[in-house]
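> Input work_29.csv, format and content: CSV, C-alpha atoms and all ligand atoms.
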```csv
chain,number,residue,atom,x,y,z
A,1,MET,CA,84.7,164.6,160.5
A,2,LEU,CA,85.4,166.4,157.2
A,3,ILE,CA,83.9,169.9,157.0
A,4,CYS,CA,83.4,172.1,154.0
A,5,ARG,CA,85.1,175.5,154.3
A,6,THR,CA,82.4,177.1,152.1
A,7,CYS,CA,79.0,175.6,153.2
A,8,PHE,CA,80.1,173.7,156.4
A,9,ALA,CA,78.6,170.5,155.2
A,10,PRO,CA,79.9,167.5,157.2
A,11,TYR,CA,81.2,164.2,155.7
A,12,PRO,CA,82.2,161.1,157.8
A,13,GLU,CA,85.9,160.1,157.6
A,14,THR,CA,84.9,156.8,156.2
A,15,GLN,CA,83.7,158.4,153.0
A,16,PRO,CA,86.3,158.8,150.2
A,17,VAL,CA,85.7,162.4,149.4
A,18,TRP,CA,88.3,165.1,148.7
A,19,ARG,CA,86.0,168.0,148.2
A,20,CYS,CA,82.5,169.1,149.0
A,21,LYS,CA,79.5,168.6,146.7
A,22,CYS,CA,79.3,172.4,146.5
A,23,GLY,CA,82.9,172.5,145.2
A,24,GLY,CA,84.4,173.8,148.4
A,25,LEU,CA,87.6,172.7,150.2
A,26,LEU,CA,87.4,170.3,153.0
A,27,ASP,CA,89.1,170.6,156.4
A,28,LEU,CA,89.5,167.7,158.9
A,29,ASP,CA,87.9,168.4,162.3
A,30,PHE,CA,90.1,166.4,164.5
A,31,ASN,CA,91.2,166.6,168.2
A,32,PRO,CA,94.3,164.5,168.9
A,33,SER,CA,94.5,162.6,172.1
A,34,PHE,CA,98.2,163.0,172.1
A,35,SER,CA,100.3,163.4,175.3
A,36,LEU,CA,104.0,163.5,175.9
A,37,LYS,CA,103.9,160.4,178.2
A,38,LYS,CA,103.1,158.3,175.1
A,39,LEU,CA,106.4,159.1,173.5
A,40,ALA,CA,108.7,157.0,175.8
A,41,GLY,CA,110.4,154.2,173.9
A,42,ARG,CA,108.9,155.1,170.5
A,43,ALA,CA,111.0,155.1,167.3
A,44,PHE,CA,112.3,158.5,166.1
A,45,ASN,CA,110.2,158.9,163.1
A,46,LEU,CA,107.1,161.0,162.5
A,47,TRP,CA,104.7,158.2,163.5
A,48,ARG,CA,105.9,158.6,167.1
A,49,TYR,CA,103.0,161.2,167.3
A,50,ARG,CA,100.6,158.4,166.5
A,51,GLU,CA,97.6,159.7,168.4
A,52,ALA,CA,97.9,163.0,166.5
A,53,LEU,CA,97.7,161.3,163.1
A,54,PRO,CA,94.2,160.6,161.8
A,55,VAL,CA,94.6,157.0,160.7
A,56,LYS,CA,92.5,154.4,162.6
A,57,SER,CA,94.4,151.2,162.4
A,58,ASP,CA,98.2,150.6,162.5
A,59,LYS,CA,97.9,148.0,159.9
A,60,HIS,CA,97.1,150.6,157.3
A,61,ILE,CA,100.2,152.7,157.9
A,62,VAL,CA,102.3,153.2,154.7
A,63,SER,CA,105.7,154.3,155.9
A,64,PHE,CA,109.5,154.2,155.4
A,65,SER,CA,110.1,155.2,159.0
A,66,GLU,CA,110.4,158.7,157.8
A,67,GLY,CA,110.8,162.0,159.7
A,68,PHE,CA,112.4,163.3,162.8
A,69,THR,CA,114.9,164.9,160.5
A,70,PRO,CA,117.9,166.7,162.2
A,71,LEU,CA,117.5,170.3,163.4
A,72,LEU,CA,120.8,171.9,162.8
A,73,PRO,CA,122.0,175.4,163.7
A,74,VAL,CA,123.3,177.3,160.6
A,75,ALA,CA,125.0,180.7,160.8
A,76,PHE,CA,123.9,183.6,158.6
A,77,GLY,CA,126.4,186.4,159.1
A,78,THR,CA,126.2,187.3,162.8
A,79,LYS,CA,122.8,185.6,163.2
A,80,LYS,CA,121.8,182.0,163.4
A,81,ALA,CA,118.8,179.9,162.5
A,82,TRP,CA,117.8,176.3,163.2
A,83,ILE,CA,117.3,174.4,160.0
A,84,LYS,CA,115.3,171.1,159.7
A,85,GLN,CA,117.0,168.8,157.2
A,86,ASP,CA,113.8,167.9,155.3
A,87,GLN,CA,115.8,167.3,152.1
A,88,LEU,CA,116.7,164.0,153.7
A,89,PHE,CA,113.2,162.4,153.4
A,90,PRO,CA,112.9,159.1,151.4
A,91,SER,CA,111.8,160.8,148.2
A,92,GLY,CA,114.0,163.8,148.6
A,93,SER,CA,111.5,166.4,149.9
A,94,TYR,CA,109.4,167.3,152.9
A,95,LYS,CA,106.3,166.3,150.9
A,96,ASP,CA,106.7,162.8,152.4
A,97,ARG,CA,105.4,164.1,155.6
A,98,GLY,CA,102.0,164.7,154.0
A,99,THR,CA,102.2,161.6,151.8
A,100,THR,CA,102.8,159.0,154.5
A,101,VAL,CA,99.6,160.1,156.3
A,102,LEU,CA,97.5,160.6,153.1
A,103,LEU,CA,98.5,157.2,151.6
A,104,SER,CA,97.9,155.5,154.9
A,105,LYS,CA,94.4,157.0,155.0
A,106,LEU,CA,93.7,156.0,151.4
A,107,LYS,CA,94.8,152.4,152.1
A,108,GLU,CA,92.4,152.5,155.1
A,109,LEU,CA,89.6,153.6,152.7
A,110,GLY,CA,90.4,150.7,150.4
A,111,ILE,CA,91.3,152.9,147.4
A,112,ARG,CA,93.3,151.0,144.8
A,113,GLN,CA,94.0,153.6,142.1
A,114,ILE,CA,94.8,157.3,142.5
A,115,LEU,CA,96.0,160.3,140.5
A,116,GLU,CA,97.9,163.4,141.5
A,117,ASP,CA,99.3,166.5,139.7
A,118,SER,CA,102.5,168.2,140.7
A,119,SER,CA,105.3,170.4,139.5
A,120,GLY,CA,107.6,167.5,140.6
A,121,ASN,CA,108.2,166.7,144.2
A,122,ALA,CA,104.6,165.9,145.3
A,123,GLY,CA,104.5,163.6,142.3
A,124,CYS,CA,107.8,161.9,143.3
A,125,SER,CA,106.5,161.5,146.9
A,126,ILE,CA,103.0,160.1,146.0
A,127,ALA,CA,104.7,157.7,143.5
A,128,ALA,CA,107.1,156.4,146.1
A,129,TYR,CA,104.4,155.8,148.7
A,130,SER,CA,102.0,154.3,146.1
A,131,ALA,CA,104.7,151.8,145.3
A,132,ARG,CA,105.1,150.9,149.0
A,133,ALA,CA,101.3,150.6,149.4
A,134,GLY,CA,100.7,148.7,146.2
A,135,ILE,CA,98.3,151.3,145.0
A,136,SER,CA,98.4,152.2,141.3
A,137,CYS,CA,99.0,155.8,140.5
A,138,ASP,CA,99.0,158.3,137.6
A,139,ILE,CA,101.1,161.4,138.0
A,140,TYR,CA,100.3,164.5,135.9
A,141,VAL,CA,103.2,166.8,135.4
A,142,PRO,CA,104.1,169.8,133.2
A,143,ALA,CA,106.3,168.6,130.3
A,144,THR,CA,108.9,171.2,131.5
A,145,ALA,CA,109.4,169.6,135.0
A,146,SER,CA,113.0,168.8,136.0
A,147,PRO,CA,114.2,165.6,134.0
A,148,SER,CA,115.5,164.0,137.2
A,149,LYS,CA,112.1,164.3,138.9
A,150,LEU,CA,110.3,162.8,135.8
A,151,ALA,CA,112.9,159.9,135.9
A,152,GLN,CA,112.2,159.4,139.6
A,153,ILE,CA,108.4,159.3,139.2
A,154,ARG,CA,108.8,156.8,136.3
A,155,ALA,CA,111.3,154.6,138.3
A,156,TYR,CA,108.8,154.1,141.1
A,157,GLY,CA,106.4,152.6,138.5
A,158,ALA,CA,103.9,155.3,138.3
A,159,ARG,CA,102.2,156.2,135.1
A,160,LEU,CA,103.6,159.6,134.1
A,161,VAL,CA,101.3,161.9,132.1
A,162,GLN,CA,103.2,164.9,130.7
A,163,ILE,CA,101.1,167.9,129.9
A,164,GLU,CA,102.3,170.6,127.5
A,165,GLY,CA,101.7,174.2,128.8
A,166,SER,CA,101.6,175.7,132.2
A,167,ARG,CA,101.4,174.2,135.7
A,168,GLU,CA,97.7,175.3,135.6
A,169,ASP,CA,97.1,173.4,132.4
A,170,THR,CA,98.5,170.3,134.2
A,171,ALA,CA,96.1,170.9,137.1
A,172,ALA,CA,93.2,171.2,134.7
A,173,ALA,CA,94.0,167.9,133.0
A,174,ALA,CA,94.2,166.1,136.4
A,175,TRP,CA,90.9,167.7,137.3
A,176,ARG,CA,89.2,166.3,134.2
A,177,ALA,CA,90.7,162.8,134.9
A,178,SER,CA,89.5,163.0,138.5
A,179,ALA,CA,86.0,162.2,137.3
A,180,LYS,CA,87.1,158.6,136.9
A,181,MET,CA,89.8,158.1,139.6
A,182,TYR,CA,90.4,159.3,143.2
A,183,TYR,CA,92.3,162.6,143.2
A,184,ALA,CA,95.0,162.3,145.8
A,185,SER,CA,95.8,166.0,145.5
A,186,HIS,CA,98.3,167.4,148.1
A,187,CYS,CA,96.5,170.8,147.7
A,188,TRP,CA,92.9,169.6,148.1
A,189,ASN,CA,93.2,166.7,150.4
A,190,PRO,CA,92.9,167.6,154.1
A,191,TYR,CA,94.9,164.5,155.2
A,192,PHE,CA,98.0,165.7,153.6
A,193,PHE,CA,98.0,168.7,155.9
A,194,HIS,CA,97.7,166.4,158.9
A,195,GLY,CA,101.0,164.9,157.8
A,196,THR,CA,102.9,168.2,157.2
A,197,LYS,CA,101.8,169.3,160.6
A,198,THR,CA,104.4,166.9,162.0
A,199,PHE,CA,107.0,169.6,161.1
A,200,ALA,CA,105.6,171.5,164.1
A,201,TYR,CA,105.6,168.5,166.4
A,202,GLU,CA,109.2,167.6,165.6
A,203,VAL,CA,110.5,171.2,165.9
A,204,CYS,CA,108.9,171.6,169.4
A,205,GLU,CA,110.2,168.2,170.6
A,206,GLN,CA,113.7,169.0,169.3
A,207,LEU,CA,113.5,172.3,171.2
A,208,ASN,CA,112.5,170.5,174.4
A,209,TRP,CA,108.8,171.2,173.9
A,210,LYS,CA,109.2,174.9,173.5
A,211,ALA,CA,107.8,176.6,170.5
A,212,PRO,CA,110.3,178.7,168.5
A,213,ASP,CA,109.6,182.5,168.1
A,214,THR,CA,109.5,182.4,164.4
A,215,VAL,CA,109.3,179.9,161.6
A,216,VAL,CA,110.2,180.7,158.0
A,217,LEU,CA,108.4,178.6,155.5
A,218,PRO,CA,107.8,178.5,151.7
A,219,VAL,CA,104.5,179.6,150.2
A,220,GLY,CA,103.5,178.0,147.0
A,221,ASN,CA,100.4,175.9,147.7
A,222,GLY,CA,101.0,176.4,151.4
A,223,THR,CA,101.1,172.8,152.4
A,224,LEU,CA,103.8,173.5,155.1
A,225,VAL,CA,102.3,176.8,156.3
A,226,ILE,CA,98.8,175.4,156.7
A,227,GLY,CA,100.1,172.1,158.1
A,228,ALA,CA,102.6,173.7,160.5
A,229,TRP,CA,99.9,176.1,161.8
A,230,ILE,CA,97.6,173.1,162.5
A,231,GLY,CA,100.4,171.4,164.3
A,232,PHE,CA,101.4,174.4,166.5
A,233,THR,CA,97.7,175.0,167.2
A,234,GLU,CA,97.1,171.4,168.3
A,235,LEU,CA,100.1,171.5,170.7
A,236,PHE,CA,99.0,174.9,172.0
A,237,ASP,CA,95.4,173.6,172.6
A,238,LEU,CA,96.8,170.5,174.4
A,239,GLY,CA,98.8,172.8,176.7
A,240,ILE,CA,102.1,171.3,175.5
A,241,ILE,CA,103.5,174.7,174.2
A,242,LYS,CA,102.8,178.1,175.8
A,243,LYS,CA,102.6,180.1,172.6
A,244,ARG,CA,102.5,179.7,168.8
A,245,PRO,CA,105.3,181.0,166.7
A,246,ARG,CA,104.9,183.7,164.0
A,247,ILE,CA,105.0,182.4,160.5
A,248,ILE,CA,107.0,184.2,157.8
A,249,GLY,CA,106.0,183.0,154.4
A,250,ILE,CA,108.4,183.2,151.5
A,251,GLN,CA,107.4,183.7,147.9
A,252,VAL,CA,109.3,184.5,144.8
A,253,SER,CA,108.9,188.0,143.3
A,254,ALA,CA,108.3,186.3,140.0
A,255,CYS,CA,105.0,185.0,141.3
A,256,ASN,CA,103.7,186.1,144.6
A,257,PRO,CA,99.8,186.3,144.9
A,258,VAL,CA,99.8,185.7,148.6
A,259,ALA,CA,102.4,188.4,149.4
A,260,GLN,CA,100.5,190.8,147.2
A,261,ALA,CA,97.2,190.2,149.0
A,262,PHE,CA,98.9,190.5,152.4
A,263,ALA,CA,100.5,193.8,151.4
A,264,ALA,CA,97.2,195.1,150.1
A,265,ARG,CA,95.4,194.0,153.3
A,266,GLN,CA,93.0,191.9,151.2
A,267,LEU,CA,91.3,188.8,152.7
A,268,GLU,CA,91.2,187.1,149.4
A,269,ILE,CA,94.0,186.5,146.9
A,270,THR,CA,93.8,187.2,143.2
A,271,THR,CA,95.6,185.3,140.5
A,272,ALA,CA,99.1,186.7,140.0
A,273,GLU,CA,101.1,186.8,136.8
A,274,LYS,CA,104.0,184.3,136.6
A,275,LYS,CA,107.4,185.3,135.3
A,276,PRO,CA,110.1,182.7,134.8
A,277,THR,CA,111.9,181.7,138.0
A,278,ILE,CA,114.6,179.2,139.1
A,279,ALA,CA,112.3,178.3,142.1
A,280,GLU,CA,109.7,176.7,140.0
A,281,GLY,CA,108.3,174.6,142.9
A,282,ILE,CA,106.8,177.6,144.7
A,283,ALA,CA,105.6,179.7,141.7
A,284,THR,CA,101.9,179.1,142.1
A,285,SER,CA,99.9,181.8,140.5
A,286,ASN,CA,96.5,180.8,142.1
A,287,PRO,CA,96.9,178.5,145.1
A,288,ILE,CA,93.5,177.0,145.9
A,289,ARG,CA,94.0,177.4,149.6
A,290,GLY,CA,95.4,180.9,149.2
A,291,ASN,CA,92.9,182.5,151.5
A,292,GLN,CA,93.6,179.9,154.2
A,293,ILE,CA,97.4,180.6,153.9
A,294,LEU,CA,96.7,184.3,154.4
A,295,GLU,CA,94.5,183.5,157.4
A,296,CYS,CA,97.2,181.3,159.1
A,297,ILE,CA,99.9,183.9,158.6
A,298,ARG,CA,97.8,186.8,159.8
A,299,GLU,CA,96.6,184.8,162.9
A,300,SER,CA,100.2,184.0,163.7
A,301,GLY,CA,101.2,187.7,163.6
A,302,GLY,CA,103.6,187.0,160.8
A,303,SER,CA,104.1,188.4,157.3
A,304,LEU,CA,105.4,187.5,153.9
A,305,ILE,CA,108.7,188.2,152.1
A,306,SER,CA,109.2,188.0,148.3
A,307,VAL,CA,112.7,187.1,147.0
A,308,GLU,CA,114.5,188.0,143.8
A,309,GLU,CA,116.2,185.6,141.4
A,310,ALA,CA,119.7,186.8,142.2
A,311,ALA,CA,119.1,186.3,146.0
A,312,ILE,CA,117.9,182.7,145.4
A,313,ALA,CA,121.0,181.8,143.4
A,314,ALA,CA,123.2,183.4,146.0
A,315,ALA,CA,121.5,181.4,148.8
A,316,PHE,CA,121.9,178.2,146.8
A,317,ARG,CA,125.7,178.9,146.4
A,318,GLN,CA,126.2,179.9,150.0
A,319,MET,CA,124.5,176.7,151.3
A,320,ALA,CA,126.4,174.5,149.0
A,321,ARG,CA,129.7,176.0,150.2
A,322,GLU,CA,128.7,175.0,153.7
A,323,GLY,CA,128.0,171.5,152.6
A,324,PHE,CA,124.2,171.6,152.1
A,325,PHE,CA,123.1,170.6,148.6
A,326,ILE,CA,119.6,171.7,148.2
A,327,GLU,CA,117.3,172.3,145.2
A,328,MET,CA,116.7,175.8,143.8
A,329,THR,CA,113.2,176.0,145.2
A,330,SER,CA,114.6,175.2,148.6
A,331,ALA,CA,117.1,178.0,148.2
A,332,ALA,CA,114.3,180.5,147.8
A,333,VAL,CA,113.3,179.8,151.4
A,334,ILE,CA,116.9,180.4,152.5
A,335,ALA,CA,117.0,183.6,150.5
A,336,GLY,CA,113.9,184.8,152.4
A,337,LEU,CA,115.3,183.6,155.7
A,338,THR,CA,118.6,185.5,155.1
A,339,GLU,CA,116.5,188.6,154.5
A,340,TYR,CA,114.3,188.0,157.6
A,341,LEU,CA,117.3,187.5,159.9
A,342,LYS,CA,118.6,191.0,159.1
A,343,THR,CA,115.7,192.4,161.2
A,344,ALA,CA,115.4,189.5,163.7
A,345,GLY,CA,116.2,190.1,167.4
A,346,THR,CA,119.5,188.6,168.7
A,347,LYS,CA,117.7,186.3,171.1
A,348,GLU,CA,114.9,185.4,168.7
A,349,LYS,CA,114.7,181.6,168.0
A,350,VAL,CA,114.2,181.2,164.3
A,351,VAL,CA,113.4,177.9,162.6
A,352,SER,CA,113.3,177.1,158.9
A,353,LEU,CA,114.0,174.1,156.7
A,354,PHE,CA,115.6,172.7,153.6
A,355,THR,CA,112.6,171.6,151.6
A,356,GLY,CA,114.2,169.5,148.8
A,357,HIS,CA,117.5,167.8,148.0
A,358,GLY,CA,119.9,169.2,145.5
A,359,LEU,CA,120.2,166.0,143.5
A,360,LYS,CA,116.6,166.8,142.3
A,361,THR,CA,117.9,169.6,140.2
A,362,ALA,CA,121.5,168.7,139.7
A,363,ASP,CA,121.0,169.1,136.0
A,364,HIS,CA,120.1,172.8,136.5
A,365,PRO,CA,121.8,175.3,134.0
A,366,LEU,CA,123.1,177.3,137.0
A,367,LEU,CA,125.3,174.3,138.0
A,368,LYS,CA,127.0,173.9,134.6
B,401,LIG,C1,106.4,171.7,147.4
B,401,LIG,C2,107.6,172.4,147.7
B,401,LIG,C3,107.7,173.7,148.2
B,401,LIG,C4,106.5,174.6,148.4
B,401,LIG,O1,105.5,174.1,149.2
B,401,LIG,P1,104.0,174.5,149.0
B,401,LIG,O2,103.2,173.5,149.7
B,401,LIG,O3,103.7,174.5,147.6
B,401,LIG,O4,103.8,175.8,149.6
B,401,LIG,C5,108.9,174.2,148.5
B,401,LIG,N1,110.1,173.6,148.2
B,401,LIG,C6,110.1,172.3,147.7
B,401,LIG,C7,111.4,171.6,147.4
B,401,LIG,C8,108.9,171.7,147.4
B,401,LIG,O5,108.9,170.5,146.9
B,402,ZN,ZN,80.4,172.8,150.7
```
Starting from the file, give its structure as structure tokens.

Amino acid sequence: MLICRTCFAPYPETQPVWRCKCGGLLDLDFNPSFSLKKLAGRAFNLWRYREALPVKSDKHIVSFSEGFTPLLPVAFGTKKAWIKQDQLFPSGSYKDRGTTVLLSKLKELGIRQILEDSSGNAGCSIAAYSARAGISCDIYVPATASPSKLAQIRAYGARLVQIEGSREDTAAAAWRASAKMYYASHCWNPYFFHGTKTFAYEVCEQLNWKAPDTVVLPVGNGTLVIGAWIGFTELFDLGIIKKRPRIIGIQVSACNPVAQAFAARQLEITTAEKKPTIAEGIATSNPIRGNQILECIRESGGSLISVEEAAIAAAFRQMAREGFFIEMTSAAVIAGLTEYLKTAGTKEKVVSLFTGHGLKTADHPLLK
């Protein structure tokens, strides 16, 4: 059942809706019948958590056997963190976690044509899985998006619609087009979050079904924060893990509406101004699920950290020197992780991730 976050109206899962009649956001009310016994002999991809993924029939699954990315220890000075290598997903970012579940669901619903808007990676991901599913897709992007991401979207055969102006202008254009075509938005669509939740399942399995103490995640539109919190909560409710980790959300100082609301102890976010940043992928001035992101982080006992441009560039260089080529937005999370680890306990188990591959922004001026 899909339930409106504003007016609590219910919608059956067989109905192709992505928002409520009242305009509210939908959440999926879903209790997985997952148990550890079911895992024996299954392939090491994210569909091994099959009973936890809200797609009815296997024949609708749209997959590249993605997921179960390595969880590697990486040293930061005298401290250490465990880093999921999510830059290794088929389209080059963790967005594929959400997309494999969303596109499978859309195939199940018989949808033939979709549109999506994105600053880059979500568009690449939706375009890749649409190609695999044989679904036609239009991707709306700001004209300023990274040239290699635009090339990637085009190469998959998606129709690329470049919009002059801000990321918000792109969202507005997609919004208008959504009157005529199904809007497969990674921000609106609740199925996307039931894909990103596999981050939590994989981390717990890779730590022998123990939850970490802390997870450090990006906060732009919050697809990982909200997804991971759903995942950890499901595992906790199933009795598979004994506690849920605290979530530390990372924003860039250039655009940090959620961190500002958290610091001011507000329950609702207000639109933030947006200054130029090298971590374009998380600079969201008005995330539509902003209040939900705040709720997840508060409930987890976590907090938010905002990082400066110089720290992002430094984190990028440090990771590259250790053999990890990640994109600038991904480096922002590592800058925040570096900051967090300074105050972390010596026994604290801290998990984070590389969100996107460096080849996505290899044309970046900082690399010239
Ligand atoms: C999408 C993305 C993020 C931010 O995720 P949100 O869901 O917007 O919070 C971070 N890094 C990369 C590489 C991304 O593609
Ligand atoms: Zn409603």
> So how many Å separate atom CA of A:Val219 and atom CA of A:Pro190, to one decimal?
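Between these atoms lies a distance of 17.1 Å.
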> Could you check which of A:Gly231, A:Gly222, A:Gly110, A:Pro287 is closest to A:Tyr182, using only C-alpha atoms?
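Between A:Gly231, A:Gly222, A:Gly110, A:Pro287, the residue approaching A:Tyr182 most closely is A:Gly110.
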> Considering only C-alpha atoms, return as a VMD selection string whatever protein or nucleic-acid residues lie within 8 Å of stretch 68-81 of chain A, sequence-local ones (same chain, fewer than 2 positions apart) excluded.
chain A and resid 44 to 46 66 83 to 86 88 to 89 202 to 203 206 338 341 to 342 346 349 to 352
> Excluding same-chain residues fewer than 2 positions from A:Arg48, what lies within 10 Å of it counting only C-alpha atoms, as a PyMOL selection string?
chain A and resi 38-46+50-53+65+67-68+198+201-202
> Listing only residues of chain A within 6 Å of ligand LIG 401 (chain B), what is the closest atom pair and its distance in Å (to one decimal) for each, using all atoms listed in the file, sorted by chain and residue number ascending, as a tab-separated table?

```
residue	atom	partner	partner_atom	distance
A:Ser93	CA	B:LIG401	O5	5.7
A:Asn121	CA	B:LIG401	O5	4.7
A:Pro218	CA	B:LIG401	O4	5.3
A:Val219	CA	B:LIG401	O4	3.9
A:Gly220	CA	B:LIG401	O4	3.4
A:Asn221	CA	B:LIG401	O3	3.6
A:Gly222	CA	B:LIG401	O4	3.4
A:Thr223	CA	B:LIG401	O2	3.5
A:Leu224	CA	B:LIG401	O2	5.4
A:Gly281	CA	B:LIG401	C2	5.3
A:Ile282	CA	B:LIG401	C4	4.8
A:Thr329	CA	B:LIG401	N1	4.9
A:Ser330	CA	B:LIG401	N1	4.8
A:Thr355	CA	B:LIG401	C7	4.4
A:Gly356	CA	B:LIG401	C7	3.8
```
> Find the residues near ligand ZN 402 (chain B). Use a cut-off of 10 Å, count all atoms listed in the file, and write them as a PyMOL selection string.
chain A and resi 3-11+19-26
> Please, could you write that set of residues out with C-alpha atoms as a short mmCIF file (atom, residue, chain, number, x, y, z; two decimals), keeping the file's coordinate frame?

```
data_model
loop_
_atom_site.label_atom_id
_atom_site.label_comp_id
_atom_site.auth_asym_id
_atom_site.auth_seq_id
_atom_site.Cartn_x
_atom_site.Cartn_y
_atom_site.Cartn_z
CA ILE A 3 83.90 169.90 157.00
CA CYS A 4 83.40 172.10 154.00
CA ARG A 5 85.10 175.50 154.30
CA THR A 6 82.40 177.10 152.10
CA CYS A 7 79.00 175.60 153.20
CA PHE A 8 80.10 173.70 156.40
CA ALA A 9 78.60 170.50 155.20
CA PRO A 10 79.90 167.50 157.20
CA TYR A 11 81.20 164.20 155.70
CA ARG A 19 86.00 168.00 148.20
CA CYS A 20 82.50 169.10 149.00
CA LYS A 21 79.50 168.60 146.70
CA CYS A 22 79.30 172.40 146.50
CA GLY A 23 82.90 172.50 145.20
CA GLY A 24 84.40 173.80 148.40
CA LEU A 25 87.60 172.70 150.20
CA LEU A 26 87.40 170.30 153.00
#
```
> Give as JSON, numbers by chain every residue, naming chains and numbers as the document does, that has an atom within 8 Å of (115.6, 183.2, 149.6), counting all atoms listed in the file.
{"A": [250, 307, 308, 311, 312, 315, 331, 332, 333, 334, 335, 336, 337, 338, 339]}
> Counting all atoms listed in the file, which residues of stretch 56-152 of chain A fall within 8 Å of stretch 157-162 of chain A, and what is the closest atom pair for each with its distance in Å at one decimal, ordered by chain and rising number, as JSON lines?

```
{"residue": "A:Ala127", "atom": "CA", "partner": "A:Ala158", "partner_atom": "CA", "distance": 5.8}
{"residue": "A:Ala131", "atom": "CA", "partner": "A:Gly157", "partner_atom": "CA", "distance": 7.1}
{"residue": "A:Ser136", "atom": "CA", "partner": "A:Ala158", "partner_atom": "CA", "distance": 7.0}
{"residue": "A:Cys137", "atom": "CA", "partner": "A:Ala158", "partner_atom": "CA", "distance": 5.4}
{"residue": "A:Asp138", "atom": "CA", "partner": "A:Arg159", "partner_atom": "CA", "distance": 4.6}
{"residue": "A:Ile139", "atom": "CA", "partner": "A:Leu160", "partner_atom": "CA", "distance": 5.0}
{"residue": "A:Tyr140", "atom": "CA", "partner": "A:Val161", "partner_atom": "CA", "distance": 4.7}
{"residue": "A:Val141", "atom": "CA", "partner": "A:Gln162", "partner_atom": "CA", "distance": 5.1}
{"residue": "A:Pro142", "atom": "CA", "partner": "A:Gln162", "partner_atom": "CA", "distance": 5.6}
{"residue": "A:Ala143", "atom": "CA", "partner": "A:Gln162", "partner_atom": "CA", "distance": 4.8}
{"residue": "A:Leu150", "atom": "CA", "partner": "A:Leu160", "partner_atom": "CA", "distance": 7.6}
```
> Tell me, in Å to one decimal, how far atom CA of A:Glu168 is from atom CA of A:Asn291.
18.1 Å
> Find the distance between atom CA of A:Ile293 and atom CA of A:Ile226 and write it in Å to one decimal.
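It comes out at 6.1 Å.
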> Could you list, as a list of chain:residue names, every residue within 10 Å of A:Pro54, counting only C-alpha atoms and ignoring same-chain residues fewer than 5 positions away?
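What passes the distance filter is A:Glu13, A:Leu28, A:Phe30, A:Asn31, A:Pro32, A:Val101, A:Leu102, A:Ser104, A:Lys105, A:Tyr191, A:His194, A:Gly195.
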> Need the shell around A:Glu348: protein/DNA/RNA residues with any atom at most 9 Å away, counting only C-alpha atoms. Skip same-chain ones fewer than 2 positions apart. Format as number ranges by chain?
A: 212-214, 344-346, 350
> Skipping near chain neighbours, those fewer than 3 positions away, what residues fall within 12 Å of A:Thr284 using only C-alpha atoms, listed as a PyMOL selection string?
chain A and resi 118-119+166-168+171+187+218-222+251-259+269-277+279-281+287-290
> Choose the residue, out of A:Arg132, A:Phe64, A:Ala184, A:Lys59, that has the smallest atom-to-atom separation from A:Asp117; count all atoms listed in the file.
A:Ala184
